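Novice: See entry04.pdb below, with PDB, C-alpha atoms.
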```
ATOM      1  CA  ILE A 473     151.793  67.707 188.323  1.00  0.00           C
ATOM      2  CA  GLN A 474     151.992  66.218 191.794  1.00  0.00           C
ATOM      3  CA  THR A 475     153.648  63.013 192.892  1.00  0.00           C
ATOM      4  CA  THR A 476     151.170  60.439 194.183  1.00  0.00           C
ATOM      5  CA  GLY A 477     151.314  56.773 195.098  1.00  0.00           C
ATOM      6  CA  PRO A 478     154.017  54.548 196.572  1.00  0.00           C
ATOM      7  CA  ARG A 479     155.305  53.431 193.167  1.00  0.00           C
ATOM      8  CA  ASN A 480     155.836  56.998 191.954  1.00  0.00           C
ATOM      9  CA  TYR A 481     157.532  57.960 195.222  1.00  0.00           C
ATOM     10  CA  ARG A 482     159.878  54.948 194.910  1.00  0.00           C
ATOM     11  CA  LEU A 483     160.725  55.803 191.294  1.00  0.00           C
ATOM     12  CA  LEU A 484     161.370  59.442 192.164  1.00  0.00           C
ATOM     13  CA  GLN A 485     163.577  58.357 195.084  1.00  0.00           C
ATOM     14  CA  ASP A 486     165.556  55.806 193.071  1.00  0.00           C
ATOM     15  CA  GLU A 487     165.857  57.706 189.788  1.00  0.00           C
ATOM     16  CA  VAL A 488     166.315  61.270 191.043  1.00  0.00           C
ATOM     17  CA  VAL A 489     166.629  61.949 194.776  1.00  0.00           C
ATOM     18  CA  SER A 490     169.247  59.285 195.489  1.00  0.00           C
ATOM     19  CA  LYS A 491     171.453  60.741 192.720  1.00  0.00           C
ATOM     20  CA  ILE A 492     171.555  64.324 194.045  1.00  0.00           C
ATOM     21  CA  ASP A 493     174.212  64.943 196.679  1.00  0.00           C
ATOM     22  CA  SER A 494     172.312  67.789 198.342  1.00  0.00           C
ATOM     23  CA  LEU A 495     169.352  65.423 198.916  1.00  0.00           C
ATOM     24  CA  SER A 496     171.407  62.569 200.367  1.00  0.00           C
ATOM     25  CA  GLY A 497     169.539  62.707 203.693  1.00  0.00           C
ATOM     26  CA  THR A 498     166.125  62.588 202.029  1.00  0.00           C
ATOM     27  CA  ASP A 499     164.210  59.324 201.710  1.00  0.00           C
ATOM     28  CA  LEU A 500     160.748  59.691 200.204  1.00  0.00           C
ATOM     29  CA  CYS A 501     159.896  56.077 200.950  1.00  0.00           C
ATOM     30  CA  THR A 502     160.341  56.420 204.697  1.00  0.00           C
ATOM     31  CA  ASN A 503     159.240  60.073 204.805  1.00  0.00           C
ATOM     32  CA  PRO A 504     156.846  60.917 201.952  1.00  0.00           C
ATOM     33  CA  GLN A 505     156.213  64.287 203.664  1.00  0.00           C
ATOM     34  CA  ALA A 506     159.677  65.324 202.499  1.00  0.00           C
ATOM     35  CA  ILE A 507     158.176  66.178 199.132  1.00  0.00           C
ATOM     36  CA  CYS A 508     156.466  69.101 200.893  1.00  0.00           C
ATOM     37  CA  GLN A 509     159.339  69.832 203.269  1.00  0.00           C
ATOM     38  CA  VAL A 510     162.110  70.107 200.643  1.00  0.00           C
ATOM     39  CA  SER A 511     161.069  72.807 198.187  1.00  0.00           C
ATOM     40  CA  GLU A 512     163.007  71.592 195.134  1.00  0.00           C
ATOM     41  CA  LEU A 513     161.345  68.168 195.335  1.00  0.00           C
ATOM     42  CA  LYS A 514     158.010  69.545 194.132  1.00  0.00           C
ATOM     43  CA  TRP A 515     159.636  70.722 190.901  1.00  0.00           C
ATOM     44  CA  LEU A 516     161.861  67.683 190.569  1.00  0.00           C
ATOM     45  CA  GLY A 517     158.857  65.405 191.007  1.00  0.00           C
ATOM     46  CA  ALA A 518     156.905  67.235 188.318  1.00  0.00           C
ATOM     47  CA  MET A 519     159.822  67.308 185.878  1.00  0.00           C
ATOM     48  CA  TYR A 520     160.621  63.655 186.477  1.00  0.00           C
ATOM     49  CA  TYR A 521     157.009  62.599 185.864  1.00  0.00           C
ATOM     50  CA  TRP A 522     156.805  64.742 182.724  1.00  0.00           C
ATOM     51  CA  ALA A 523     160.029  63.324 181.306  1.00  0.00           C
ATOM     52  CA  SER A 524     159.576  59.689 182.341  1.00  0.00           C
ATOM     53  CA  VAL A 525     155.840  59.238 181.791  1.00  0.00           C
ATOM     54  CA  VAL A 526     154.307  62.004 179.664  1.00  0.00           C
ATOM     55  CA  GLN A 527     157.158  62.414 177.180  1.00  0.00           C
ATOM     56  CA  ASP A 528     157.677  58.651 177.094  1.00  0.00           C
ATOM     57  CA  ALA A 529     154.144  58.035 175.814  1.00  0.00           C
ATOM     58  CA  ALA A 530     154.281  56.498 172.357  1.00  0.00           C
ATOM     59  CA  GLN A 531     152.070  59.272 170.957  1.00  0.00           C
ATOM     60  CA  PHE A 532     153.931  62.225 172.489  1.00  0.00           C
ATOM     61  CA  GLN A 533     156.629  62.907 169.880  1.00  0.00           C
ATOM     62  CA  ARG A 534     154.386  62.397 166.859  1.00  0.00           C
ATOM     63  CA  SER A 535     151.661  64.605 168.337  1.00  0.00           C
ATOM     64  CA  LEU A 536     154.137  67.324 169.371  1.00  0.00           C
ATOM     65  CA  GLU A 537     155.682  67.383 165.902  1.00  0.00           C
ATOM     66  CA  ALA A 538     152.233  67.633 164.311  1.00  0.00           C
ATOM     67  CA  TYR A 539     151.213  70.363 166.784  1.00  0.00           C
ATOM     68  CA  VAL A 540     154.203  72.502 165.832  1.00  0.00           C
ATOM     69  CA  ALA A 541     154.008  71.653 162.101  1.00  0.00           C
ATOM     70  CA  THR A 542     150.365  72.749 161.909  1.00  0.00           C
ATOM     71  CA  GLY A 543     150.982  76.093 163.618  1.00  0.00           C
ATOM     72  CA  PHE A 544     150.060  74.946 167.154  1.00  0.00           C
ATOM     73  CA  ASP A 545     146.677  73.628 166.100  1.00  0.00           C
ATOM     74  CA  ASP A 546     144.947  71.118 168.374  1.00  0.00           C
ATOM     75  CA  ALA A 547     143.016  69.558 165.494  1.00  0.00           C
ATOM     76  CA  GLY A 548     146.214  69.064 163.511  1.00  0.00           C
ATOM     77  CA  SER A 549     147.940  67.190 166.335  1.00  0.00           C
ATOM     78  CA  VAL A 550     145.465  64.373 166.966  1.00  0.00           C
ATOM     79  CA  VAL A 551     147.129  61.002 167.521  1.00  0.00           C
ATOM     80  CA  ASP A 552     145.181  57.997 168.808  1.00  0.00           C
ATOM     81  CA  GLY A 553     142.098  60.128 169.421  1.00  0.00           C
ATOM     82  CA  ASN A 554     143.637  63.025 171.365  1.00  0.00           C
ATOM     83  CA  SER A 555     145.378  66.254 170.417  1.00  0.00           C
ATOM     84  CA  PHE A 556     148.737  67.173 171.906  1.00  0.00           C
ATOM     85  CA  ASN A 557     146.933  69.320 174.460  1.00  0.00           C
ATOM     86  CA  ALA A 558     144.371  66.659 175.476  1.00  0.00           C
ATOM     87  CA  GLY A 559     146.807  63.723 175.260  1.00  0.00           C
ATOM     88  CA  THR A 560     149.431  65.259 177.522  1.00  0.00           C
ATOM     89  CA  GLY A 561     146.702  66.208 180.007  1.00  0.00           C
ATOM     90  CA  ALA A 562     145.394  62.647 179.922  1.00  0.00           C
ATOM     91  CA  MET A 563     148.900  61.280 180.518  1.00  0.00           C
ATOM     92  CA  VAL A 564     149.386  63.598 183.507  1.00  0.00           C
ATOM     93  CA  ASN A 565     145.970  62.838 184.964  1.00  0.00           C
ATOM     94  CA  ASN A 566     145.437  59.189 184.013  1.00  0.00           C
ATOM     95  CA  GLY A 567     148.677  57.801 182.569  1.00  0.00           C
ATOM     96  CA  ASN A 568     146.766  56.989 179.381  1.00  0.00           C
ATOM     97  CA  TRP A 569     147.023  59.189 176.265  1.00  0.00           C
ATOM     98  CA  ALA A 570     143.663  58.108 174.860  1.00  0.00           C
ATOM     99  CA  SER A 571     141.667  58.863 178.034  1.00  0.00           C
ATOM    100  CA  THR A 572     140.074  62.141 179.104  1.00  0.00           C
ATOM    101  CA  ALA A 573     141.685  64.112 181.908  1.00  0.00           C
ATOM    102  CA  HIS A 574     139.604  65.344 184.827  1.00  0.00           C
ATOM    103  CA  GLY A 575     138.546  68.928 184.084  1.00  0.00           C
ATOM    104  CA  ASN A 576     139.764  68.530 180.510  1.00  0.00           C
ATOM    105  CA  GLU A 577     137.800  71.443 179.069  1.00  0.00           C
ATOM    106  CA  GLY A 578     139.314  73.892 181.575  1.00  0.00           C
ATOM    107  CA  ARG A 579     142.797  72.418 181.189  1.00  0.00           C
ATOM    108  CA  MET A 580     142.641  72.740 177.423  1.00  0.00           C
ATOM    109  CA  ARG A 581     141.298  76.297 177.583  1.00  0.00           C
ATOM    110  CA  TYR A 582     144.123  77.347 179.932  1.00  0.00           C
ATOM    111  CA  PHE A 583     146.766  75.619 177.756  1.00  0.00           C
ATOM    112  CA  ASN A 584     145.422  77.408 174.664  1.00  0.00           C
ATOM    113  CA  GLN A 585     145.486  80.776 176.474  1.00  0.00           C
ATOM    114  CA  ILE A 586     149.158  80.249 177.305  1.00  0.00           C
ATOM    115  CA  VAL A 587     150.012  79.163 173.749  1.00  0.00           C
ATOM    116  CA  ASP A 588     148.070  82.121 172.301  1.00  0.00           C
ATOM    117  CA  ALA A 589     150.037  84.509 174.550  1.00  0.00           C
ATOM    118  CA  MET A 590     153.327  82.940 173.429  1.00  0.00           C
ATOM    119  CA  LYS A 591     152.271  83.163 169.773  1.00  0.00           C
ATOM    120  CA  ALA A 592     151.359  86.846 170.277  1.00  0.00           C
ATOM    121  CA  ALA A 593     154.880  87.325 171.662  1.00  0.00           C
ATOM    122  CA  GLY A 594     156.397  85.793 168.533  1.00  0.00           C
ATOM    123  CA  MET A 595     156.514  82.033 169.085  1.00  0.00           C
ATOM    124  CA  GLY A 596     156.452  80.332 165.717  1.00  0.00           C
ATOM    125  CA  ALA A 597     156.678  83.576 163.762  1.00  0.00           C
ATOM    126  CA  GLY A 598     157.959  82.923 160.274  1.00  0.00           C
ATOM    127  CA  LEU A 599     157.607  79.157 160.527  1.00  0.00           C
ATOM    128  CA  PRO A 600     155.742  77.662 157.593  1.00  0.00           C
ATOM    129  CA  THR A 601     152.721  75.523 158.395  1.00  0.00           C
ATOM    130  CA  VAL A 602     153.392  72.065 156.959  1.00  0.00           C
ATOM    131  CA  GLN A 603     151.551  68.796 156.776  1.00  0.00           C
ATOM    132  CA  PRO A 604     153.275  66.337 159.111  1.00  0.00           C
ATOM    133  CA  THR A 605     154.331  63.024 157.647  1.00  0.00           C
ATOM    134  CA  GLU A 606     152.966  59.779 159.029  1.00  0.00           C
ATOM    135  CA  PRO A 607     155.653  57.866 160.935  1.00  0.00           C
ATOM    136  CA  PRO A 608     156.091  54.097 160.770  1.00  0.00           C
ATOM    137  CA  SER A 609     153.785  51.978 162.907  1.00  0.00           C
ATOM    138  CA  GLY A 610     154.362  51.652 166.638  1.00  0.00           C
ATOM    139  CA  CYS A 611     155.786  48.192 166.169  1.00  0.00           C
ATOM    140  CA  ALA A 612     158.303  49.198 163.531  1.00  0.00           C
ATOM    141  CA  ALA A 613     159.316  52.518 165.059  1.00  0.00           C
ATOM    142  CA  VAL A 614     159.028  51.910 168.779  1.00  0.00           C
ATOM    143  CA  CYS A 615     158.865  48.253 169.822  1.00  0.00           C
ATOM    144  CA  ALA A 616     160.905  46.272 167.310  1.00  0.00           C
ATOM    145  CA  PRO A 617     164.155  48.184 168.033  1.00  0.00           C
ATOM    146  CA  GLN A 618     163.695  47.289 171.720  1.00  0.00           C
ATOM    147  CA  GLY A 619     163.098  43.633 170.888  1.00  0.00           C
ATOM    148  CA  ASP A 620     159.431  43.704 171.951  1.00  0.00           C
ATOM    149  CA  THR A 621     156.662  42.123 169.896  1.00  0.00           C
ATOM    150  CA  CYS A 622     153.484  43.989 170.888  1.00  0.00           C
ATOM    151  CA  TYR A 623     152.551  47.679 170.669  1.00  0.00           C
ATOM    152  CA  VAL A 624     149.493  49.015 172.536  1.00  0.00           C
ATOM    153  CA  ALA A 625     149.017  52.641 171.490  1.00  0.00           C
ATOM    154  CA  GLY A 626     147.174  53.953 174.546  1.00  0.00           C
ATOM    155  CA  TRP A 627     149.631  52.667 177.133  1.00  0.00           C
ATOM    156  CA  ALA A 628     152.243  54.873 178.811  1.00  0.00           C
ATOM    157  CA  SER A 629     154.818  52.127 178.125  1.00  0.00           C
ATOM    158  CA  PRO A 630     153.348  50.692 174.921  1.00  0.00           C
ATOM    159  CA  CYS A 631     155.872  47.938 174.151  1.00  0.00           C
ATOM    160  CA  PHE A 632     156.084  44.487 175.671  1.00  0.00           C
ATOM    161  CA  THR A 633     156.335  40.843 174.686  1.00  0.00           C
ATOM    162  CA  PRO A 634     153.231  38.860 175.676  1.00  0.00           C
ATOM    163  CA  PRO A 635     153.873  35.275 176.775  1.00  0.00           C
ATOM    164  CA  ASP A 636     151.114  33.996 174.498  1.00  0.00           C
ATOM    165  CA  GLY A 637     152.311  35.906 171.433  1.00  0.00           C
ATOM    166  CA  ARG A 638     149.900  37.334 168.870  1.00  0.00           C
ATOM    167  CA  ARG A 639     146.819  36.164 170.782  1.00  0.00           C
ATOM    168  CA  GLY A 640     147.891  37.979 173.958  1.00  0.00           C
ATOM    169  CA  CYS A 641     148.773  41.124 172.058  1.00  0.00           C
ATOM    170  CA  GLU A 642     145.547  41.257 170.091  1.00  0.00           C
ATOM    171  CA  ALA A 643     143.496  40.529 173.229  1.00  0.00           C
ATOM    172  CA  LEU A 644     144.757  43.871 174.552  1.00  0.00           C
ATOM    173  CA  GLY A 645     144.026  45.710 171.312  1.00  0.00           C
ATOM    174  CA  GLY A 646     147.700  45.786 170.396  1.00  0.00           C
ATOM    175  CA  GLU A 647     149.592  45.620 167.132  1.00  0.00           C
ATOM    176  CA  PHE A 648     151.640  42.417 166.937  1.00  0.00           C
ATOM    177  CA  CYS A 649     155.034  42.680 165.312  1.00  0.00           C
ATOM    178  CA  GLY A 650     156.736  39.440 166.338  1.00  0.00           C
TER     179      GLY A 650
END
```
For the file at hand, write its structure as structure tokens.

Specialist:
Amino acid sequence: IQTTGPRNYRLLQDEVVSKIDSLSGTDLCTNPQAICQVSELKWLGAMYYWASVVQDAAQFQRSLEAYVATGFDDAGSVVDGNSFNAGTGAMVNNGNWASTAHGNEGRMRYFNQIVDAMKAAGMGAGLPTVQPTEPPSGCAAVCAPQGDTCYVAGWASPCFTPPDGRRGCEALGGEFCG
């Protein structure tokens, strides 16, 4: 994962860099090159993006739980058209779970090689394979507790309240819960 674009640099600066004393002299907005000049920023940028965008995708938790419950099986983890492997790659590459990441076939092959090596080393040993349960809808589980009235499954931040209510939500392919 690499940090790209002014918005992502600003978020990384505001949410991470500005809160770390040892980086107090670093300003990614005035010196974007600092991400290459300060070694820990490469990792911090990747971790921040993973935690704030990839893991925040509405599909992430459900797909991860299904992936583990089905013995790390891509086919068993499909949510909104993508497996855990493909969906996280699409979030990293495109910010959209339901899209296809650039070089997806190679990414998925490499991910599966890593998971196979971890399984050979004992990951998941003794865990029963179970059928994951279907969670409540996006509106009920994700948006309603936040006070939002529209859930759009493929969006990185799937909850919002459209100004024109149901019509605006449905125009975007969303589930209206207001």

Novice: So the first atom is atom CA of A:Ala506 and the second is atom CA of A:Val489; what is the distance between them in Å, to one decimal place?

Specialist: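 Those two atoms sit 10.9 Å apart.
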
Novice: Please write as a list in words the full residue list that the PyMOL selection byres ((chain A and resi 527-538) around 6) yields on this file.

Specialist: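 Answer for the PyMOL selection byres ((chain A and resi 527-538) around 6): Ala523, Ser524, Val525, Val526, Tyr539, Val540, Ala541, Thr542, Ser549, Val551, Phe556, Pro604 and Ala628 of chain A.
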
Novice: Excluding stretch 635-643 of chain A and any residue of its chain fewer than 6 positions from it, enumerate the residues within 10 Å of it, using all atoms listed in the file, and give them as an MDAnalysis selection string.

Specialist: chainID A and resid 621:624 649:650

Novice: So that I have them on file, write out the residues from the current selection with C-alpha atoms, as a PDB file, in the coordinates of the input.

Specialist:
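Once written, result_34.pdb looks like this:
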```pdb
ATOM      1  CA  THR A 621     156.662  42.123 169.896  1.00  0.00           C
ATOM      2  CA  CYS A 622     153.484  43.989 170.888  1.00  0.00           C
ATOM      3  CA  TYR A 623     152.551  47.679 170.669  1.00  0.00           C
ATOM      4  CA  VAL A 624     149.493  49.015 172.536  1.00  0.00           C
ATOM      5  CA  CYS A 649     155.034  42.680 165.312  1.00  0.00           C
ATOM      6  CA  GLY A 650     156.736  39.440 166.338  1.00  0.00           C
TER       7      GLY A 650
END
```

Novice: From the list A:Ile492, A:Leu500, A:Val564, A:Ala558, which residue is nearest A:Tyr521 when using all atoms listed in the file?

Specialist: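 Counting all atoms listed in the file, the residue closest to A:Tyr521 is A:Val564.
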
Novice: Please write out, as AutoDock Vina command-line options, where the centre of an axis-aligned box around all listed atoms of stretch 520-527 of chain A lies and how long its edges are, in Å to one decimal, after adding 5 Å on each side.

Specialist:
```
--center_x 157.5 --center_y 62.0 --center_z 181.8 --size_x 16.3 --size_y 15.5 --size_z 19.3
```

Novice: Excluding same-chain residues fewer than 3 positions from A:Gly596, what lies within 8 Å of it counting only C-alpha atoms, as a ChimeraX atom specification?

Specialist: /A:543,591,599

Novice: Apply the PyMOL selection byres ((chain A and resi 562) around 12) to the file shown and report the selected residues as a VMD selection string.

Specialist: chain A and resid 473 522 525 to 526 529 531 to 532 553 to 561 563 to 577 579 to 580 626 to 628

Novice: Which value, in Å to one decimal, gives the distance between atom CA of A:Val488 and atom CA of A:Ile586?

Specialist: 29.0 Å
